[in-house]
Amino acid sequence: MIINKISVMIGGEAGAGITRSGFLFAKACLRGGLYAFGTNDYQSLIRGGHNFYIVRADAEEIYSQADTIDLLLALNKETILRHKDGLVPGGGIVYDGGEIVLSDEEWGRDDLKCYSVPLRETVKQLEGEMIMRNTIALGASVALLDYDLEILNGVIKDTFKPKAAELNVNAAKTGYDYARQHYAGDFDYRLERTSSAGKRKMFITGNEAVGLGAIRAGCKFYAAYPMTPATPLLHFMAPLDREYGMMVVQAENEIAAINMVAGASFAGVRAMTATSGGGFCLMSEGLGMIGMTETPAVIMLAQRPGPSTGLPTYSGQADLRFAIHASQGEFLRVVIAPGDVEECFYKTMEAFNLAEKFQIPVILITDKYLVESHGAAEPFDQDRIGIDRGLLLGENEYRGEEEFKRHKFTEDGVSPRATPGMRGAIVRTNSNEHNESGYTTDDPELTTKMADKRFKKLHDLIKDLEGYETIKLYGTQEADVTILGWGSTKGPIREAMKQLSREGVKANYLQIIYLSPFPSAKVQRILKSARKTVVVENNKTSQLSSFIREHLLMTVDHKILKYNGRSFNPREISKKIKRVL
Amino acid sequence: MTTLEDLKTPTKNTWCPGCGNFGILMGFKRALVQIGLKRDQVVLVSGIGCHGKIVNYVNVNGFHGIHGRVLPLATGIKMANPDLNVVGFAGDADCYDEGWGHFSHTVRRNIDITLIVHNNMVLGLTTGQTTATSQKGFKTKSTPFGSIPPALNPIANAMVSNGTFVARGYSGDMRHLTGLIVRAIKHRGFAFLDVFQPCVTFNYLNTYDWFKERIYKLEEENHDITDKRKALEKAFEWGDRIPVGVLYQEERPTYLEGLPQVAKKPLVRQKVEDVDITALMAGLT
């Protein structure tokens, strides 16, 4: 009997409500006091095709999906054919035997438990819609797992409008009753409420966490053009604009989006945009303008595999070099790679502060796996990161005694920032090289001086970042192997570390959160004493390795690279690490 | 109030002698004086090209952006602070070539900003190539055998994109142009003003004389600026006679009107500190 440790997959056609069902199941687990993680896999189409969602629940903290599936909820035959081999021996399949018929050959294995539930028939009886098949299957799984149907009902009631909620509660109950009657006690897995059942955790995506961070940071302007996987952030922000005094604009394209952001920020508002690689290409010229005009801006680049359109609904980490180098010329920028939902929140707040304090663009580099997967998190600490608007002048702070110089030379390179409309201040900026007042110049001395001014900020930026969590070390200082990674590989790496530790391997994990400026000193301190280093990345050329060589003149010993659009499973990492030891 | 002297900048003007841009520059300055706008309440946004240098020649707030992006940049400024008078300046290549993708969208949004296009039907600063408004057959370094497609019609485009203020001016007639700029700035909504401004260096065809022979003022022919059908007809008038003046004007709610989040105060004055997200987080549990 396995209690409070399960990996469930729900699969079916696009449009069948797969993600929603996974979400309901995961939330029901969370409310019972368990931890949950959910991740989706879908194709670039609206109806048909094959979608699946994996929920993993556990009494102990978990960071990613598991390597295997314990229970499969299959809404079509394809789901069984594709995923039955991922099931553990003794794993269960909930499906509609009246609809899905497999030959012995198609089944191919006889160590699975098949739980046929009349999904279609039940929908007809309830006079519901076909999309309710999932809820019936969910109800059946709750029975198989001997879990509490009331918890699922509670989640349903909080998720759907009253009428739909009632229908779905009925559907779940029907599925539950059927499974109880026919399969009670047969499945080897159980879910039970834990002692922390009363404590509410959030079940939240990276996109939502970034959105919360932006709103808490006082972002008042969000412009974007839809692009997977950053689109859900637009969806998150849009309905909140009135309540939180923001403007959320769907621009005509990404070029417009970033220029609108530049305009809004120039006018004194905290502003943000988000996109994926293709959109970021279009934003590159605007990014350079933001750098040249010393306009604060926050840009989230949510990666998916390229080149070009690539795999539009999958995940990758191949745009790190691009984020760090995008746009012509040389200018300061900060590139931050959060690795989990907490970091998505706190690092977004940091991004807004750094953008304004140093008057530079800050890029949050994420990916589909991070921003579209759900993780469990305690409500975020709203006061951990304060608000620092740097040298932005208050409404009456400019006295107007002399000409305002937006790009005034200062000791640290940061100029006081007035915004247009402030009484007596004429604020002028320029994508051309310019003098302190923002007038165009091509004077050689001034050109050098202005470039130096903009780069002078690097000194204080690096000093400031020493106080930030730019890297994190998990595990003991002393280890047989040091795993290096950035961004969303964090979850699978932490799970792999659990496996390695159980199997007697001493591993630690260095997560690099700030990629630019590269936290060389901190990374070096750790790598100096590392016995063996392994980089884990979702790209082909191991871009992080190249940064380590560039900044530390060190070569990593091994690379574990995956670039097929799918995130790592923990075992893929732990297995390969054991191989190189 | 603001005087012409106040609007002077210390910068040396580098436009060619006789450039049509001078008329627009003076017309704009005079319009600001005439309306009585304070310098610190005006934001000038310009793109790339000869026109873009105007940011150096008028002492108001300014953002010299990148090629083709005057409209989204100006839109962002206005959305953040609707109290500002935002006036965008673009060239024909800037707006009608590089930035054409923003034009119809900004027109239909009816955001309360002004766009003045310095239309000389040639690329000047890059030393003479064809643009979207170059005449069919126009020979340049990039089109030695003549421009192949017919010219783009920005006026008609603004009309069919539901523009609320569509006008054309001529930089050779300063008094008339100043009047048009005043009307454009005062218009509540997106005001589009295309201005013929001869390029004395690279446009051998559309010269001061060429325009003088052809243009006539709509107001002198009792044109009804509320008649959309008639305005559209006028938008297509080209050849021996070319109309200048306001072709069409209507009152329509602007983009920001009716948005409750900015009804009381602009974004720039919204509270940044202590935005409470407790309820949002509770909703995710």
# chains A, B, ... in the order shown; residues from 1 in each chain; ligands from 1
>>> residues_around(residues="A:Arg193", least_positions_apart="5", cutoff="10 Å", atoms="only C-alpha atoms", output="short mmCIF file (atom, residue, chain, number, x, y, z; two decimals) with all heavy atoms, in the first residue's frame")
data_model
loop_
_atom_site.label_atom_id
_atom_site.label_comp_id
_atom_site.auth_asym_id
_atom_site.auth_seq_id
_atom_site.Cartn_x
_atom_site.Cartn_y
_atom_site.Cartn_z
N ASN A 4 -0.16 8.54 0.04
CA ASN A 4 0.23 9.94 -0.20
C ASN A 4 1.49 10.10 -1.04
O ASN A 4 2.37 10.90 -0.73
CB ASN A 4 0.38 10.67 1.14
CG ASN A 4 -0.97 10.99 1.75
OD1 ASN A 4 -2.00 10.86 1.07
ND2 ASN A 4 -0.98 11.40 2.99
N CYS A 29 -5.74 17.64 -3.87
CA CYS A 29 -4.63 17.08 -3.09
C CYS A 29 -4.06 18.13 -2.14
O CYS A 29 -3.80 17.86 -0.97
CB CYS A 29 -3.52 16.57 -4.02
SG CYS A 29 -4.03 15.16 -5.00
N LEU A 30 -3.87 19.33 -2.69
CA LEU A 30 -3.31 20.43 -1.88
C LEU A 30 -4.17 20.69 -0.65
O LEU A 30 -3.67 20.88 0.45
CB LEU A 30 -3.28 21.72 -2.70
CG LEU A 30 -2.08 22.01 -3.56
CD1 LEU A 30 -2.26 23.36 -4.24
CD2 LEU A 30 -0.81 22.04 -2.72
N ARG A 31 -5.46 20.70 -0.87
CA ARG A 31 -6.36 21.02 0.25
C ARG A 31 -6.40 19.93 1.29
O ARG A 31 -6.81 20.15 2.42
CB ARG A 31 -7.77 21.31 -0.28
CG ARG A 31 -7.79 22.62 -1.06
CD ARG A 31 -9.19 23.10 -1.31
NE ARG A 31 -9.16 24.29 -2.14
CZ ARG A 31 -10.24 24.92 -2.57
NH1 ARG A 31 -11.45 24.47 -2.25
NH2 ARG A 31 -10.13 26.00 -3.31
N GLY A 32 -5.95 18.75 0.89
CA GLY A 32 -5.84 17.67 1.87
C GLY A 32 -4.51 17.73 2.62
O GLY A 32 -4.17 16.82 3.37
N GLY A 33 -3.73 18.79 2.34
CA GLY A 33 -2.47 18.96 3.07
C GLY A 33 -1.26 18.40 2.34
O GLY A 33 -0.15 18.38 2.88
N LEU A 34 -1.46 17.92 1.10
CA LEU A 34 -0.33 17.37 0.35
C LEU A 34 0.35 18.47 -0.46
O LEU A 34 -0.19 19.56 -0.63
CB LEU A 34 -0.82 16.28 -0.62
CG LEU A 34 -1.52 15.10 0.03
CD1 LEU A 34 -2.17 14.23 -1.05
CD2 LEU A 34 -0.55 14.29 0.85
N ALA A 59 3.22 13.75 0.26
CA ALA A 59 3.19 14.35 1.60
C ALA A 59 4.45 15.18 1.84
O ALA A 59 4.44 16.11 2.63
CB ALA A 59 3.06 13.26 2.66
N TYR A 147 -9.94 8.48 -1.33
CA TYR A 147 -9.76 9.87 -0.87
C TYR A 147 -11.13 10.47 -0.56
O TYR A 147 -12.16 9.84 -0.75
CB TYR A 147 -9.01 10.65 -1.96
CG TYR A 147 -8.42 11.98 -1.51
CD1 TYR A 147 -7.75 12.12 -0.31
CD2 TYR A 147 -8.52 13.11 -2.33
CE1 TYR A 147 -7.20 13.33 0.07
CE2 TYR A 147 -7.97 14.33 -1.97
CZ TYR A 147 -7.31 14.43 -0.75
OH TYR A 147 -6.78 15.63 -0.37
N ASP A 148 -11.11 11.74 -0.15
CA ASP A 148 -12.32 12.39 0.32
C ASP A 148 -13.01 13.16 -0.81
O ASP A 148 -12.48 14.15 -1.32
CB ASP A 148 -11.90 13.35 1.45
CG ASP A 148 -13.11 13.94 2.16
OD1 ASP A 148 -14.23 13.85 1.61
OD2 ASP A 148 -12.92 14.49 3.26
N ILE A 151 -13.60 17.02 -0.55
CA ILE A 151 -12.53 17.97 -0.89
C ILE A 151 -12.61 18.33 -2.36
O ILE A 151 -12.54 19.49 -2.75
CB ILE A 151 -11.13 17.39 -0.54
CG1 ILE A 151 -11.04 17.09 0.96
CG2 ILE A 151 -10.04 18.38 -0.95
CD1 ILE A 151 -9.67 16.60 1.41
N GLY A 198 -5.59 21.91 6.86
CA GLY A 198 -6.31 23.18 6.96
C GLY A 198 -5.58 24.34 6.30
O GLY A 198 -6.19 25.32 5.89
#
>>> interface_residues(of="chain B", to="chain A", cutoff="6 Å", atoms="only C-alpha atoms", output="PyMOL selection string")
chain B and resi 40-41+56+60-65+72-73+76-77+80+261+268+272+275+284-285
>>> write_last_selection(atoms="N, CA and C atoms", output="tab-separated table (two decimals), in the first residue's frame")
chain	number	residue	atom	x	y	z
B	40	ASP	N	6.43	72.46	-20.55
B	40	ASP	CA	6.59	71.22	-19.79
B	40	ASP	C	5.36	70.31	-19.89
B	41	GLN	N	4.32	70.78	-20.57
B	41	GLN	CA	3.13	69.95	-20.73
B	41	GLN	C	3.07	69.30	-22.11
B	56	ASN	N	15.57	68.19	-31.53
B	56	ASN	CA	16.67	69.07	-31.10
B	56	ASN	C	16.34	70.55	-31.27
B	60	VAL	N	10.82	71.55	-25.83
B	60	VAL	CA	9.75	70.93	-25.04
B	60	VAL	C	10.27	69.54	-24.65
B	61	ASN	N	9.50	68.79	-23.83
B	61	ASN	CA	9.88	67.42	-23.54
B	61	ASN	C	10.01	66.66	-24.84
B	62	GLY	N	10.96	65.72	-24.90
B	62	GLY	CA	11.13	65.03	-26.18
B	62	GLY	C	11.67	63.63	-26.05
B	63	PHE	N	11.26	62.80	-26.96
B	63	PHE	CA	11.79	61.43	-27.05
B	63	PHE	C	12.06	61.16	-28.51
B	64	HIS	N	13.34	61.11	-28.85
B	64	HIS	CA	13.73	60.76	-30.22
B	64	HIS	C	13.88	59.25	-30.26
B	65	GLY	N	12.89	58.58	-30.79
B	65	GLY	CA	12.86	57.12	-30.76
B	65	GLY	C	13.57	56.49	-31.94
B	72	PRO	N	3.63	53.89	-31.43
B	72	PRO	CA	3.54	53.17	-30.15
B	72	PRO	C	4.26	53.87	-29.00
B	73	LEU	N	5.35	54.53	-29.30
B	73	LEU	CA	6.07	55.25	-28.25
B	73	LEU	C	5.20	56.39	-27.70
B	76	GLY	N	2.31	55.00	-25.63
B	76	GLY	CA	2.70	54.62	-24.26
B	76	GLY	C	2.78	55.83	-23.35
B	77	ILE	N	3.34	56.91	-23.87
B	77	ILE	CA	3.46	58.13	-23.05
B	77	ILE	C	2.08	58.65	-22.68
B	80	ALA	N	0.24	56.55	-20.13
B	80	ALA	CA	0.76	56.70	-18.77
B	80	ALA	C	0.35	58.02	-18.16
B	261	GLN	N	-10.05	52.76	-14.65
B	261	GLN	CA	-8.77	52.81	-13.92
B	261	GLN	C	-8.02	54.12	-14.09
B	268	VAL	N	0.38	57.48	-13.99
B	268	VAL	CA	1.60	57.99	-13.39
B	268	VAL	C	1.36	58.47	-11.96
B	272	VAL	N	2.15	53.23	-6.17
B	272	VAL	CA	3.04	52.11	-6.50
B	272	VAL	C	3.30	51.25	-5.26
B	275	VAL	N	0.59	47.91	-2.80
B	275	VAL	CA	-0.50	47.30	-3.57
B	275	VAL	C	-0.78	45.94	-2.91
B	284	LEU	N	-5.93	31.90	-5.46
B	284	LEU	CA	-5.15	30.84	-6.12
B	284	LEU	C	-5.00	29.60	-5.25
B	285	THR	N	-5.60	29.64	-4.04
B	285	THR	CA	-5.47	28.47	-3.17
B	285	THR	C	-6.56	27.46	-3.47
>>> closest_residue(among="A:Ala28, A:Val371, A:Ala74, A:Leu581", to="A:Glu343", atoms="only C-alpha atoms")
A:Val371
>>> closest_residue(among="B:Leu25, B:Ala263, B:Ala231, B:Met121", to="B:Asn203", atoms="only C-alpha atoms")
B:Met121
>>> residues_around(residues="B:Ala90", least_positions_apart="4", cutoff="12 Å", atoms="only C-alpha atoms", output="ChimeraX atom specification")
/B:21,24,44-55,64-71,73-74,94-100,103,114-120,192-195
>>> select_by_dssp(residues="stretch 518-567 of chain A", states="strand (DSSP E)", output="compact mmCIF listing (two decimals) with N, CA, C and O atoms, in the first residue's frame")
# COMPACT_ATOMS: atom_id res chain seq x y z
N THR A 533 32.14 18.69 -11.91
CA THR A 533 31.03 19.58 -12.25
C THR A 533 30.23 19.02 -13.43
O THR A 533 30.81 18.50 -14.39
N VAL A 534 28.92 19.15 -13.31
CA VAL A 534 28.03 18.71 -14.38
C VAL A 534 27.01 19.81 -14.65
O VAL A 534 26.30 20.23 -13.73
N VAL A 535 26.95 20.27 -15.87
CA VAL A 535 25.95 21.28 -16.23
C VAL A 535 24.71 20.57 -16.77
O VAL A 535 24.83 19.63 -17.56
N VAL A 536 23.55 21.00 -16.33
CA VAL A 536 22.28 20.45 -16.83
C VAL A 536 21.52 21.58 -17.51
O VAL A 536 21.20 22.59 -16.88
N GLU A 537 21.24 21.41 -18.79
CA GLU A 537 20.56 22.48 -19.53
C GLU A 537 19.64 21.92 -20.61
O GLU A 537 19.94 20.88 -21.20
N HIS A 558 31.27 17.78 -17.22
CA HIS A 558 30.27 17.03 -17.99
C HIS A 558 29.05 17.89 -18.26
O HIS A 558 28.75 18.81 -17.51
N LYS A 559 28.35 17.54 -19.32
CA LYS A 559 27.13 18.26 -19.67
C LYS A 559 26.01 17.26 -19.87
O LYS A 559 26.20 16.25 -20.54
N ILE A 560 24.88 17.58 -19.28
CA ILE A 560 23.68 16.77 -19.55
C ILE A 560 22.72 17.70 -20.27
O ILE A 560 22.22 18.66 -19.69
N LEU A 561 22.51 17.43 -21.54
CA LEU A 561 21.74 18.36 -22.37
C LEU A 561 20.53 17.66 -22.98
O LEU A 561 20.61 16.51 -23.39
>>> select_by_dssp(residues="stretch 43-144 of chain A", states="alpha helix (DSSP H)", output="PyMOL selection string")
chain A and resi 77-83+104-107+119-126+133-144
>>> residues_around(residues="A:Ala496", least_positions_apart="3", cutoff="6 Å", atoms="only C-alpha atoms", output="JSON, numbers by chain")
{"A": [493, 499, 570, 574]}
>>> write_last_selection(atoms="all heavy atoms", output="compact mmCIF listing (two decimals), in the first residue's frame")
# COMPACT_ATOMS: atom_id res chain seq x y z
N ILE A 493 16.22 18.86 -11.14
CA ILE A 493 17.54 18.66 -10.51
C ILE A 493 17.35 18.37 -9.02
O ILE A 493 17.97 17.47 -8.45
CB ILE A 493 18.46 19.89 -10.72
CG1 ILE A 493 18.88 19.99 -12.18
CG2 ILE A 493 19.70 19.79 -9.82
CD1 ILE A 493 19.68 21.24 -12.53
N GLN A 499 16.97 11.51 -5.32
CA GLN A 499 17.26 10.13 -5.76
C GLN A 499 18.72 9.79 -5.48
O GLN A 499 19.03 8.73 -4.95
CB GLN A 499 16.96 10.00 -7.26
CG GLN A 499 15.48 10.16 -7.58
CD GLN A 499 15.20 10.23 -9.09
OE1 GLN A 499 16.11 10.43 -9.89
NE2 GLN A 499 13.93 10.09 -9.46
N PRO A 570 13.43 13.63 -13.46
CA PRO A 570 14.53 13.54 -12.48
C PRO A 570 15.49 12.38 -12.77
O PRO A 570 16.69 12.54 -12.67
CB PRO A 570 13.80 13.32 -11.16
CG PRO A 570 12.43 13.88 -11.38
CD PRO A 570 12.12 13.73 -12.82
N SER A 574 19.65 11.96 -12.72
CA SER A 574 20.39 11.18 -11.71
C SER A 574 21.13 10.01 -12.37
O SER A 574 22.25 9.69 -12.00
CB SER A 574 19.45 10.70 -10.61
OG SER A 574 18.44 9.87 -11.14
>>> residues_around(residues="B:Thr201", least_positions_apart="3", cutoff="8 Å", atoms="only C-alpha atoms", output="JSON list (two decimals) with C-alpha atoms, in the first residue's frame")
[["chain", "number", "residue", "atom", "x", "y", "z"],
["B", 16, "CYS", "CA", 19.41, 71.72, -45.91],
["B", 124, "GLY", "CA", 16.42, 62.18, -47.50],
["B", 204, "TYR", "CA", 13.45, 66.55, -58.27]]
>>> atom_distance(atom1="atom CA of A:Glu127", atom2="atom CA of A:Pro162")
16.7 Å
>>> closest_residue(among="A:Leu144, A:Thr313, A:Cys281, A:Glu433", to="A:Ile46", atoms="only C-alpha atoms")
A:Thr313
>>> residues_around(residues="B:Thr9", least_positions_apart="2", cutoff="7 Å", atoms="only C-alpha atoms", output="number ranges by chain")
B: 7, 11, 56-59
>>> residues_around(residues="A:Thr366", least_positions_apart="4", cutoff="7 Å", atoms="only C-alpha atoms", output="PyMOL selection string")
chain A and resi 301-303+337-338+370-371+487
>>> decode(residues="stretch 54-65 of chain A", atoms="all heavy atoms", output="compact mmCIF listing (two decimals), in the first residue's frame")
# COMPACT_ATOMS: atom_id res chain seq x y z
N ILE A 54 0.07 16.16 -16.18
CA ILE A 54 0.56 15.26 -15.13
C ILE A 54 0.46 15.96 -13.78
O ILE A 54 0.90 17.10 -13.64
CB ILE A 54 2.04 14.88 -15.37
CG1 ILE A 54 2.20 14.17 -16.71
CG2 ILE A 54 2.56 14.01 -14.24
CD1 ILE A 54 3.66 13.92 -17.09
N VAL A 55 -0.15 15.29 -12.84
CA VAL A 55 -0.18 15.81 -11.47
C VAL A 55 0.56 14.83 -10.59
O VAL A 55 0.35 13.62 -10.65
CB VAL A 55 -1.62 15.90 -10.91
CG1 VAL A 55 -1.59 16.52 -9.51
CG2 VAL A 55 -2.50 16.69 -11.81
N ARG A 56 1.42 15.40 -9.78
CA ARG A 56 2.09 14.56 -8.81
C ARG A 56 1.76 15.12 -7.44
O ARG A 56 1.76 16.34 -7.25
CB ARG A 56 3.58 14.62 -9.05
CG ARG A 56 4.37 13.75 -8.11
CD ARG A 56 5.83 13.91 -8.46
NE ARG A 56 6.65 13.28 -7.46
CZ ARG A 56 7.89 13.64 -7.20
NH1 ARG A 56 8.42 14.65 -7.86
NH2 ARG A 56 8.59 13.02 -6.28
N ALA A 57 1.41 14.25 -6.52
CA ALA A 57 1.09 14.70 -5.16
C ALA A 57 1.88 13.87 -4.18
O ALA A 57 2.15 12.68 -4.41
CB ALA A 57 -0.40 14.55 -4.90
N ASP A 58 2.26 14.52 -3.12
CA ASP A 58 3.13 13.83 -2.16
C ASP A 58 3.01 14.52 -0.80
O ASP A 58 2.75 15.72 -0.74
CB ASP A 58 4.59 13.90 -2.64
CG ASP A 58 5.42 12.76 -2.11
OD1 ASP A 58 5.48 12.60 -0.87
OD2 ASP A 58 6.00 12.02 -2.93
N ALA A 59 3.22 13.75 0.26
CA ALA A 59 3.19 14.35 1.60
C ALA A 59 4.45 15.18 1.84
O ALA A 59 4.44 16.11 2.63
CB ALA A 59 3.06 13.26 2.66
N GLU A 60 5.53 14.82 1.15
CA GLU A 60 6.73 15.65 1.31
C GLU A 60 6.85 16.61 0.13
O GLU A 60 6.22 16.42 -0.90
CB GLU A 60 7.98 14.78 1.47
CG GLU A 60 8.35 14.00 0.23
CD GLU A 60 9.70 13.30 0.39
OE1 GLU A 60 9.76 12.27 1.11
OE2 GLU A 60 10.66 13.78 -0.20
N GLU A 61 7.69 17.63 0.31
CA GLU A 61 7.78 18.66 -0.71
C GLU A 61 8.32 18.08 -2.01
O GLU A 61 9.28 17.33 -2.02
CB GLU A 61 8.70 19.79 -0.21
CG GLU A 61 8.49 21.05 -0.99
CD GLU A 61 9.17 22.26 -0.35
OE1 GLU A 61 9.79 22.12 0.71
OE2 GLU A 61 9.05 23.35 -0.95
N ILE A 62 7.71 18.46 -3.12
CA ILE A 62 8.15 17.96 -4.42
C ILE A 62 8.38 19.14 -5.36
O ILE A 62 7.80 20.20 -5.18
CB ILE A 62 7.12 16.98 -5.04
CG1 ILE A 62 5.71 17.57 -4.95
CG2 ILE A 62 7.22 15.62 -4.39
CD1 ILE A 62 4.68 16.78 -5.70
N TYR A 63 9.23 18.93 -6.34
CA TYR A 63 9.66 20.04 -7.19
C TYR A 63 9.40 19.84 -8.67
O TYR A 63 9.58 20.76 -9.47
CB TYR A 63 11.16 20.28 -6.98
CG TYR A 63 11.56 20.33 -5.53
CD1 TYR A 63 12.31 19.29 -4.96
CD2 TYR A 63 11.17 21.39 -4.72
CE1 TYR A 63 12.67 19.32 -3.62
CE2 TYR A 63 11.52 21.43 -3.38
CZ TYR A 63 12.27 20.40 -2.84
OH TYR A 63 12.62 20.43 -1.51
N SER A 64 9.01 18.64 -9.06
CA SER A 64 8.75 18.42 -10.49
C SER A 64 7.84 17.21 -10.64
O SER A 64 7.44 16.61 -9.65
CB SER A 64 10.07 18.16 -11.24
OG SER A 64 10.50 16.82 -11.05
N GLN A 65 7.58 16.86 -11.87
CA GLN A 65 6.85 15.64 -12.14
C GLN A 65 7.71 14.44 -11.76
O GLN A 65 8.92 14.57 -11.60
CB GLN A 65 6.42 15.57 -13.62
CG GLN A 65 7.53 15.29 -14.63
CD GLN A 65 8.36 16.51 -14.95
OE1 GLN A 65 8.24 17.55 -14.31
NE2 GLN A 65 9.22 16.39 -15.94
